[in-house]
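Below is one structure, written out as structure tokens; comments come after it.
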Amino acid sequence: MARNQKDYFYDLAQKEGYRSRASYKLKQIQQHSNIINRGDTIVDLGAAPGGWLQVAKELSGGRVLGVDLQNIAEIPGVTTFRGDITADSTIERILEFSGKGGVDVVLCDAAPNLTGNWALDHARGIELNRAAFECAKKILKPKGTFVVKVFQGDMFKEFFDDVKGEFVHIRAYTPQASRSTSAEIYIIAKKFLTAPIRKGQIYAVEIKELGTSGDGIAHIDDFVIFVKETEVGDIVNIKIKDVKPNFGFADVVEKLGALPENPKYNNPTQQRSQTPLSADFEKDEEEQPKGNVRRDNYRPPKEEREEEE
């Protein structure tokens with residue numbers, strides 16, 4: 001690429017010793033959403049050439065691991081290995097690195113090999129995003145954070161909603177360092193849920209006790225559910241309306257005379273989780289998912305690719 005075509009963030013990365021202009025995207029995501037705390041254990045999926053690893057190490061000061069199909073040149077204080085994020089052996093190596101407790105933050109700024117065909121590149125991108133998402137669910141600690149780059153298009157909202165169902169807080173955000181004509185946007189998901197329930201599911205439960213506010217309390221696999229307008233001994237069908245890391249809230253659908261043989265069941269017509277944005281993120285309409293990006297804004301692969309000099 002000719003020198004006069006290299007933009008501000010590329011030049012800044014060269015000046016400040018970062019391997020990619022993408023380093024500033026992570027810096028801006030951190031400034032915007034505070035995804036990394038000191039001492040966090042971090043895994044970067046699709047980490048080459050290492051720009052995000054450099055920033056992650058600076059921000060955390062803790063243990064940082066990069067995984068990619070390509071070799072990553074050494075970064076002081078950072079561990080890397082070559083691996084396929086869809087392989088069980090890769091998951092095992094990550095958990096050996098982090099310990100059984102898992103990792104605090106999973107990052108993924110990876111992109112597929114782009115062809116210039118908008119629909120094909122979007123589909124390949126979502127496939128890669130889902131691979132990173134599945135990997136993250138296997139290695140994250142409870143209440144962990146997941147950040148992933150997505151190219152907007154027809155399948156964006158479905159993927160966003162799937163991620164939304166596994167975290168308490170979620171938003172979409174485009175950092176200033178992203179090129180103005182790029183289709184990329186970052187999903188930032190906080191507080192990974194390990195609860196046995198999800199919003200919209202229906203269960204048959206017995207109210208065992210009352211909470212201090214007078215709400216009934218039921219348990220699903222030792223997970224506490226608060227149910228309004230119930231009394232001790234009530235047997236009811238409930239619909240989960242909100243899920244937190246350590247407890248949930250539900251409304252009564254109907255009262256039952258007795259628990260069925262299988263008292264816990266999912267409504268087969270349940271909708272996907274609709275966990276709302278909450279105080280962890282200030283709601284900002286312009287940073288919510290935008291759905292489909294216009295095809296005439298799609299950048300060809302040569303322009304979308306990060307400079308790695």
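As shown in the structure tokens, the chain order sets the letters A, B, ...; within each chain, residues go from 1, and ligands are also counted from 1 in the order they appear.
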I need the residues in stretch 65-187 of chain A that are helix (DSSP H, G or I) according to DSSP; give them as a count of residues only. 42
Fewer than 5 positions away in the same chain doesn't count, so skip those; otherwise give me all residues within 10 Å of A:Lys191, counting only C-alpha atoms, as a compact mmCIF listing (two decimals) with C-alpha atoms, in the first residue's frame.
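Wrote it out as around_27.txt, contents follow:
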```txt
# COMPACT_ATOMS: atom_id res chain seq x y z
CA ASP A 104 -12.05 -13.48 32.63
CA LEU A 140 -15.21 -18.19 30.30
CA LYS A 141 -15.58 -17.83 34.04
CA PRO A 142 -19.04 -17.05 35.41
CA LYS A 143 -19.59 -13.29 34.93
CA GLY A 144 -16.86 -13.21 32.26
CA THR A 145 -16.74 -10.88 29.24
CA PHE A 146 -16.81 -11.65 25.51
CA GLU A 166 -25.92 -16.03 27.44
CA PHE A 167 -24.96 -12.73 29.11
CA VAL A 168 -26.57 -10.25 31.47
CA HIS A 169 -25.43 -7.13 29.58
CA ILE A 170 -24.79 -6.70 25.87
CA LYS A 244 -29.03 -12.50 36.94
CA PRO A 245 -25.81 -14.38 37.69
CA ASP A 280 -23.83 -1.75 33.18
```
Selection near A:Phe160, 10 Å with only C-alpha atoms, sequence-local residues under 2 positions removed, as a VMD selection string: chain A and resid 150 155 to 158 162 to 165 170 to 172 187 to 189 289 291
Atoms kept (N, CA and C atoms) for selection, written as a tab-separated table (two decimals), in the first residue's frame:
```
chain	number	residue	atom	x	y	z
A	150	VAL	N	-17.89	-8.35	14.34
A	150	VAL	CA	-18.88	-8.94	13.44
A	150	VAL	C	-19.03	-8.01	12.24
A	155	MET	N	-27.49	-11.84	8.78
A	155	MET	CA	-27.43	-12.78	9.89
A	155	MET	C	-26.94	-12.15	11.19
A	156	PHE	N	-26.71	-10.84	11.17
A	156	PHE	CA	-26.16	-10.17	12.35
A	156	PHE	C	-27.09	-10.24	13.54
A	157	LYS	N	-28.36	-9.89	13.34
A	157	LYS	CA	-29.28	-9.80	14.47
A	157	LYS	C	-29.48	-11.16	15.15
A	158	GLU	N	-29.58	-12.22	14.36
A	158	GLU	CA	-29.75	-13.54	14.95
A	158	GLU	C	-28.55	-13.90	15.82
A	162	ASP	N	-28.41	-14.47	19.92
A	162	ASP	CA	-27.88	-15.69	20.51
A	162	ASP	C	-26.86	-15.37	21.61
A	163	VAL	N	-26.00	-14.40	21.34
A	163	VAL	CA	-25.04	-13.98	22.37
A	163	VAL	C	-25.78	-13.36	23.55
A	164	LYS	N	-26.79	-12.58	23.24
A	164	LYS	CA	-27.59	-11.90	24.26
A	164	LYS	C	-28.19	-12.87	25.27
A	165	GLY	N	-28.54	-14.07	24.80
A	165	GLY	CA	-29.15	-15.06	25.67
A	165	GLY	C	-28.21	-15.66	26.69
A	170	ILE	N	-25.34	-6.60	27.23
A	170	ILE	CA	-24.79	-6.70	25.87
A	170	ILE	C	-25.06	-5.41	25.12
A	171	ARG	N	-24.13	-5.04	24.25
A	171	ARG	CA	-24.36	-3.92	23.35
A	171	ARG	C	-23.48	-4.08	22.13
A	172	ALA	N	-23.80	-3.32	21.10
A	172	ALA	CA	-22.99	-3.26	19.89
A	172	ALA	C	-22.35	-1.88	19.81
A	187	ILE	N	-19.53	-6.65	19.15
A	187	ILE	CA	-20.47	-7.06	20.18
A	187	ILE	C	-19.70	-7.16	21.49
A	188	ILE	N	-20.18	-6.45	22.50
A	188	ILE	CA	-19.56	-6.44	23.82
A	188	ILE	C	-20.56	-7.05	24.80
A	189	ALA	N	-20.23	-8.22	25.32
A	189	ALA	CA	-21.15	-8.96	26.20
A	189	ALA	C	-20.49	-9.16	27.56
A	289	PRO	N	-27.61	-2.49	17.57
A	289	PRO	CA	-27.43	-3.15	16.28
A	289	PRO	C	-28.17	-2.43	15.17
A	291	GLY	N	-28.64	-3.75	12.11
A	291	GLY	CA	-29.22	-4.65	11.13
A	291	GLY	C	-28.32	-4.83	9.93
```
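Residue nearest A:Leu128, chosen from A:Gln70, A:Thr80, A:Gln14, A:Thr86 and counting only C-alpha atoms: A:Thr86.
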What does the distance between atom CA of A:Leu59 and atom CA of A:Val105 come to in Å, to one decimal place? 11.9 Å
Which is closest to A:Asn129 among A:Ile202, A:Ile94, A:Ile185, A:Val103, if we use only C-alpha atoms?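 Residue with the minimum atom-to-atom distance to A:Asn129: A:Ile185.
With only C-alpha atoms as the atoms that count, the residue of A:Gly99, A:Gly125, A:Ala119, A:Arg179 with the shortest distance to A:Asp154 is A:Ala119.
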Tell me, which residues of stretch 52-283 of chain A carry DSSP strand (DSSP E or B), written as a JSON list (two decimals) with N, CA and C atoms, in the first residue's frame?
```json
[["chain", "number", "residue", "atom", "x", "y", "z"],
["A", 64, "VAL", "N", -2.04, -13.45, 29.65],
["A", 64, "VAL", "CA", -2.65, -13.21, 28.35],
["A", 64, "VAL", "C", -2.20, -14.30, 27.38],
["A", 65, "LEU", "N", -3.17, -14.87, 26.67],
["A", 65, "LEU", "CA", -2.90, -15.95, 25.72],
["A", 65, "LEU", "C", -3.48, -15.60, 24.36],
["A", 66, "GLY", "N", -2.70, -15.82, 23.31],
["A", 66, "GLY", "CA", -3.16, -15.63, 21.95],
["A", 66, "GLY", "C", -3.19, -16.94, 21.20],
["A", 67, "VAL", "N", -4.29, -17.19, 20.47],
["A", 67, "VAL", "CA", -4.45, -18.41, 19.69],
["A", 67, "VAL", "C", -4.74, -18.03, 18.24],
["A", 68, "ASP", "N", -4.04, -18.66, 17.32],
["A", 68, "ASP", "CA", -4.27, -18.38, 15.91],
["A", 68, "ASP", "C", -3.76, -19.56, 15.09],
["A", 78, "VAL", "N", 3.47, -12.52, 27.08],
["A", 78, "VAL", "CA", 2.28, -13.09, 26.45],
["A", 78, "VAL", "C", 2.60, -14.49, 25.95],
["A", 79, "THR", "N", 1.66, -15.42, 26.18],
["A", 79, "THR", "CA", 1.79, -16.79, 25.68],
["A", 79, "THR", "C", 0.98, -16.94, 24.41],
["A", 80, "THR", "N", 1.51, -17.64, 23.43],
["A", 80, "THR", "CA", 0.77, -17.89, 22.19],
["A", 80, "THR", "C", 0.96, -19.34, 21.76],
["A", 81, "PHE", "N", 0.00, -19.84, 21.00],
["A", 81, "PHE", "CA", 0.18, -21.12, 20.33],
["A", 81, "PHE", "C", -0.70, -21.19, 19.09],
["A", 82, "ARG", "N", -0.31, -22.05, 18.17],
["A", 82, "ARG", "CA", -1.11, -22.26, 16.96],
["A", 82, "ARG", "C", -2.20, -23.27, 17.27],
["A", 103, "VAL", "N", -11.35, -18.25, 32.09],
["A", 103, "VAL", "CA", -10.73, -16.95, 31.83],
["A", 103, "VAL", "C", -11.73, -15.83, 32.09],
["A", 104, "ASP", "N", -11.19, -14.64, 32.33],
["A", 104, "ASP", "CA", -12.05, -13.48, 32.63],
["A", 104, "ASP", "C", -12.60, -12.83, 31.37],
["A", 105, "VAL", "N", -11.78, -12.77, 30.32],
["A", 105, "VAL", "CA", -12.16, -12.05, 29.10],
["A", 105, "VAL", "C", -11.74, -12.86, 27.88],
["A", 106, "VAL", "N", -12.67, -13.02, 26.94],
["A", 106, "VAL", "CA", -12.36, -13.62, 25.64],
["A", 106, "VAL", "C", -12.55, -12.55, 24.57],
["A", 107, "LEU", "N", -11.51, -12.35, 23.77],
["A", 107, "LEU", "CA", -11.53, -11.36, 22.69],
["A", 107, "LEU", "C", -11.45, -12.08, 21.36],
["A", 108, "CYS", "N", -12.06, -11.49, 20.34],
["A", 108, "CYS", "CA", -11.93, -12.04, 18.99],
["A", 108, "CYS", "C", -12.09, -10.92, 17.97],
["A", 140, "LEU", "N", -14.97, -19.37, 29.46],
["A", 140, "LEU", "CA", -15.21, -18.19, 30.30],
["A", 140, "LEU", "C", -15.57, -18.56, 31.73],
["A", 141, "LYS", "N", -15.11, -17.74, 32.66],
["A", 141, "LYS", "CA", -15.58, -17.83, 34.04],
["A", 141, "LYS", "C", -17.02, -17.32, 34.12],
["A", 142, "PRO", "N", -17.77, -17.72, 35.15],
["A", 142, "PRO", "CA", -19.04, -17.05, 35.41],
["A", 142, "PRO", "C", -18.80, -15.54, 35.54],
["A", 143, "LYS", "N", -19.67, -14.75, 34.94],
["A", 143, "LYS", "CA", -19.59, -13.29, 34.93],
["A", 143, "LYS", "C", -18.47, -12.77, 34.02],
["A", 144, "GLY", "N", -17.91, -13.63, 33.17],
["A", 144, "GLY", "CA", -16.86, -13.21, 32.26],
["A", 144, "GLY", "C", -17.38, -12.35, 31.12],
["A", 145, "THR", "N", -16.43, -11.83, 30.32],
["A", 145, "THR", "CA", -16.74, -10.88, 29.24],
["A", 145, "THR", "C", -16.29, -11.44, 27.90],
["A", 146, "PHE", "N", -17.10, -11.19, 26.87],
["A", 146, "PHE", "CA", -16.81, -11.65, 25.51],
["A", 146, "PHE", "C", -16.94, -10.46, 24.56],
["A", 147, "VAL", "N", -15.90, -10.23, 23.75],
["A", 147, "VAL", "CA", -15.92, -9.15, 22.75],
["A", 147, "VAL", "C", -15.55, -9.76, 21.41],
["A", 148, "VAL", "N", -16.39, -9.52, 20.40],
["A", 148, "VAL", "CA", -16.16, -10.14, 19.09],
["A", 148, "VAL", "C", -16.51, -9.16, 17.97],
["A", 149, "LYS", "N", -15.66, -9.14, 16.94],
["A", 149, "LYS", "CA", -15.93, -8.32, 15.76],
["A", 149, "LYS", "C", -16.87, -9.06, 14.83],
["A", 150, "VAL", "N", -17.89, -8.35, 14.34],
["A", 150, "VAL", "CA", -18.88, -8.94, 13.44],
["A", 150, "VAL", "C", -19.03, -8.01, 12.24],
["A", 151, "PHE", "N", -19.17, -8.60, 11.05],
["A", 151, "PHE", "CA", -19.53, -7.82, 9.88],
["A", 151, "PHE", "C", -21.05, -7.81, 9.77],
["A", 167, "PHE", "N", -25.61, -13.76, 28.29],
["A", 167, "PHE", "CA", -24.96, -12.73, 29.11],
["A", 167, "PHE", "C", -26.01, -11.80, 29.71],
["A", 168, "VAL", "N", -25.64, -11.18, 30.82],
["A", 168, "VAL", "CA", -26.57, -10.25, 31.47],
["A", 168, "VAL", "C", -26.64, -8.93, 30.71],
["A", 169, "HIS", "N", -25.49, -8.43, 30.26],
["A", 169, "HIS", "CA", -25.43, -7.13, 29.58],
["A", 169, "HIS", "C", -24.80, -7.29, 28.21],
["A", 170, "ILE", "N", -25.34, -6.60, 27.23],
["A", 170, "ILE", "CA", -24.79, -6.70, 25.87],
["A", 170, "ILE", "C", -25.06, -5.41, 25.12],
["A", 171, "ARG", "N", -24.13, -5.04, 24.25],
["A", 171, "ARG", "CA", -24.36, -3.92, 23.35],
["A", 171, "ARG", "C", -23.48, -4.08, 22.13],
["A", 172, "ALA", "N", -23.80, -3.32, 21.10],
["A", 172, "ALA", "CA", -22.99, -3.26, 19.89],
["A", 172, "ALA", "C", -22.35, -1.88, 19.81],
["A", 173, "TYR", "N", -21.10, -1.85, 19.39],
["A", 173, "TYR", "CA", -20.34, -0.59, 19.43],
["A", 173, "TYR", "C", -19.32, -0.57, 18.29],
["A", 184, "GLU", "N", -17.78, -3.44, 9.85],
["A", 184, "GLU", "CA", -17.53, -4.09, 11.13],
["A", 184, "GLU", "C", -18.19, -3.37, 12.29],
["A", 185, "ILE", "N", -18.58, -4.15, 13.27],
["A", 185, "ILE", "CA", -19.13, -3.65, 14.52],
["A", 185, "ILE", "C", -18.74, -4.66, 15.60],
["A", 186, "TYR", "N", -18.60, -4.21, 16.84],
["A", 186, "TYR", "CA", -18.17, -5.10, 17.91],
["A", 186, "TYR", "C", -19.31, -5.38, 18.87],
["A", 187, "ILE", "N", -19.53, -6.65, 19.15],
["A", 187, "ILE", "CA", -20.47, -7.06, 20.18],
["A", 187, "ILE", "C", -19.70, -7.16, 21.49],
["A", 188, "ILE", "N", -20.18, -6.45, 22.50],
["A", 188, "ILE", "CA", -19.56, -6.44, 23.82],
["A", 188, "ILE", "C", -20.56, -7.05, 24.80],
["A", 189, "ALA", "N", -20.23, -8.22, 25.32],
["A", 189, "ALA", "CA", -21.15, -8.96, 26.20],
["A", 189, "ALA", "C", -20.49, -9.16, 27.56],
["A", 190, "LYS", "N", -21.20, -8.78, 28.62],
["A", 190, "LYS", "CA", -20.65, -8.86, 29.97],
["A", 190, "LYS", "C", -21.49, -9.76, 30.87],
["A", 191, "LYS", "N", -20.82, -10.34, 31.85],
["A", 191, "LYS", "CA", -21.44, -11.18, 32.88],
["A", 191, "LYS", "C", -22.05, -12.44, 32.27],
["A", 192, "PHE", "N", -21.17, -13.33, 31.87],
["A", 192, "PHE", "CA", -21.55, -14.62, 31.31],
["A", 192, "PHE", "C", -22.42, -15.39, 32.30],
["A", 202, "ILE", "N", -40.41, -21.64, 30.56],
["A", 202, "ILE", "CA", -41.51, -21.91, 31.49],
["A", 202, "ILE", "C", -41.20, -23.16, 32.29],
["A", 203, "TYR", "N", -41.44, -23.09, 33.61],
["A", 203, "TYR", "CA", -41.18, -24.22, 34.50],
["A", 203, "TYR", "C", -42.35, -24.40, 35.46],
["A", 204, "ALA", "N", -42.54, -25.63, 35.91],
["A", 204, "ALA", "CA", -43.46, -25.91, 37.01],
["A", 204, "ALA", "C", -42.64, -26.00, 38.29],
["A", 205, "VAL", "N", -43.02, -25.21, 39.30],
["A", 205, "VAL", "CA", -42.24, -25.16, 40.54],
["A", 205, "VAL", "C", -43.17, -25.11, 41.75],
["A", 206, "GLU", "N", -42.60, -25.39, 42.90],
["A", 206, "GLU", "CA", -43.30, -25.23, 44.17],
["A", 206, "GLU", "C", -42.63, -24.11, 44.95],
["A", 209, "GLU", "N", -40.55, -20.89, 50.14],
["A", 209, "GLU", "CA", -40.41, -19.90, 51.21],
["A", 209, "GLU", "C", -40.71, -18.52, 50.64],
["A", 210, "LEU", "N", -40.73, -17.52, 51.52],
["A", 210, "LEU", "CA", -40.95, -16.15, 51.10],
["A", 210, "LEU", "C", -39.69, -15.33, 51.34],
["A", 216, "GLY", "N", -42.51, -14.95, 46.57],
["A", 216, "GLY", "CA", -42.26, -16.37, 46.76],
["A", 216, "GLY", "C", -40.90, -16.75, 46.21],
["A", 217, "ILE", "N", -40.32, -17.79, 46.79],
["A", 217, "ILE", "CA", -39.01, -18.28, 46.35],
["A", 217, "ILE", "C", -39.13, -19.74, 45.94],
["A", 218, "ALA", "N", -38.70, -20.03, 44.71],
["A", 218, "ALA", "CA", -38.61, -21.39, 44.21],
["A", 218, "ALA", "C", -37.16, -21.67, 43.84],
["A", 219, "HIS", "N", -36.85, -22.95, 43.64],
["A", 219, "HIS", "CA", -35.48, -23.33, 43.28],
["A", 219, "HIS", "C", -35.51, -24.23, 42.05],
["A", 220, "ILE", "N", -34.60, -23.96, 41.12],
["A", 220, "ILE", "CA", -34.38, -24.83, 39.97],
["A", 220, "ILE", "C", -32.90, -25.20, 39.98],
["A", 223, "PHE", "N", -30.85, -23.05, 41.99],
["A", 223, "PHE", "CA", -30.83, -21.66, 41.56],
["A", 223, "PHE", "C", -32.11, -20.98, 42.04],
["A", 224, "VAL", "N", -31.97, -19.81, 42.66],
["A", 224, "VAL", "CA", -33.10, -19.13, 43.30],
["A", 224, "VAL", "C", -33.91, -18.33, 42.28],
["A", 225, "ILE", "N", -35.24, -18.51, 42.33],
["A", 225, "ILE", "CA", -36.17, -17.77, 41.48],
["A", 225, "ILE", "C", -37.17, -17.04, 42.37],
["A", 226, "PHE", "N", -37.30, -15.72, 42.20],
["A", 226, "PHE", "CA", -38.29, -14.94, 42.94],
["A", 226, "PHE", "C", -39.56, -14.84, 42.10],
["A", 227, "VAL", "N", -40.70, -15.17, 42.72],
["A", 227, "VAL", "CA", -41.98, -15.20, 42.00],
["A", 227, "VAL", "C", -42.98, -14.33, 42.75],
["A", 235, "ILE", "N", -48.12, -24.33, 43.97],
["A", 235, "ILE", "CA", -47.50, -25.05, 42.86],
["A", 235, "ILE", "C", -47.96, -24.36, 41.58],
["A", 236, "VAL", "N", -47.00, -23.81, 40.83],
["A", 236, "VAL", "CA", -47.36, -22.92, 39.72],
["A", 236, "VAL", "C", -46.46, -23.16, 38.51],
["A", 237, "ASN", "N", -47.00, -22.84, 37.35],
["A", 237, "ASN", "CA", -46.18, -22.67, 36.16],
["A", 237, "ASN", "C", -45.68, -21.24, 36.15],
["A", 238, "ILE", "N", -44.38, -21.06, 35.98],
["A", 238, "ILE", "CA", -43.81, -19.72, 35.95],
["A", 238, "ILE", "C", -43.09, -19.49, 34.63],
["A", 239, "LYS", "N", -43.04, -18.22, 34.22],
["A", 239, "LYS", "CA", -42.28, -17.83, 33.03],
["A", 239, "LYS", "C", -41.16, -16.90, 33.47],
["A", 240, "ILE", "N", -39.93, -17.27, 33.13],
["A", 240, "ILE", "CA", -38.76, -16.49, 33.54],
["A", 240, "ILE", "C", -38.76, -15.15, 32.81],
["A", 241, "LYS", "N", -38.67, -14.06, 33.58],
["A", 241, "LYS", "CA", -38.69, -12.74, 32.95],
["A", 241, "LYS", "C", -37.34, -12.03, 33.01],
["A", 242, "ASP", "N", -36.44, -12.46, 33.89],
["A", 242, "ASP", "CA", -35.11, -11.86, 33.95],
["A", 242, "ASP", "C", -34.18, -12.82, 34.67],
["A", 243, "VAL", "N", -32.92, -12.83, 34.24],
["A", 243, "VAL", "CA", -31.93, -13.73, 34.83],
["A", 243, "VAL", "C", -30.69, -12.93, 35.21],
["A", 247, "PHE", "N", -29.44, -15.28, 40.63],
["A", 247, "PHE", "CA", -30.87, -15.47, 40.87],
["A", 247, "PHE", "C", -31.65, -14.99, 39.65],
["A", 248, "GLY", "N", -32.96, -15.28, 39.66],
["A", 248, "GLY", "CA", -33.81, -14.86, 38.55],
["A", 248, "GLY", "C", -35.16, -14.40, 39.05],
["A", 249, "PHE", "N", -35.96, -13.84, 38.14],
["A", 249, "PHE", "CA", -37.31, -13.38, 38.45],
["A", 249, "PHE", "C", -38.29, -14.02, 37.48],
["A", 250, "ALA", "N", -39.49, -14.32, 37.98],
["A", 250, "ALA", "CA", -40.49, -14.97, 37.13],
["A", 250, "ALA", "C", -41.88, -14.50, 37.49],
["A", 251, "ASP", "N", -42.79, -14.63, 36.54],
["A", 251, "ASP", "CA", -44.21, -14.35, 36.75],
["A", 251, "ASP", "C", -44.99, -15.66, 36.69],
["A", 252, "VAL", "N", -46.12, -15.68, 37.38],
["A", 252, "VAL", "CA", -46.98, -16.87, 37.36],
["A", 252, "VAL", "C", -47.75, -16.92, 36.04],
["A", 253, "VAL", "N", -47.70, -18.08, 35.39],
["A", 253, "VAL", "CA", -48.49, -18.31, 34.19],
["A", 253, "VAL", "C", -49.83, -18.93, 34.56],
["A", 254, "GLU", "N", -49.78, -19.94, 35.44],
["A", 254, "GLU", "CA", -51.01, -20.57, 35.93],
["A", 254, "GLU", "C", -50.70, -21.33, 37.22],
["A", 255, "LYS", "N", -51.73, -21.52, 38.03],
["A", 255, "LYS", "CA", -51.58, -22.32, 39.24],
["A", 255, "LYS", "C", -51.93, -23.77, 38.93]]
```
Out of A:Gly102, A:Gly83, A:Ala132, A:Ser23, which residue has the shortest atom-to-atom distance to A:Ala56 when counting only C-alpha atoms?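 Ranking A:Gly102, A:Gly83, A:Ala132, A:Ser23 by distance to A:Ala56, first place goes to A:Ser23.
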Using only C-alpha atoms: which of A:Thr174, A:Ser98, A:Ser20, A:Thr230 has the shortest distance to A:Gln54: A:Ser20
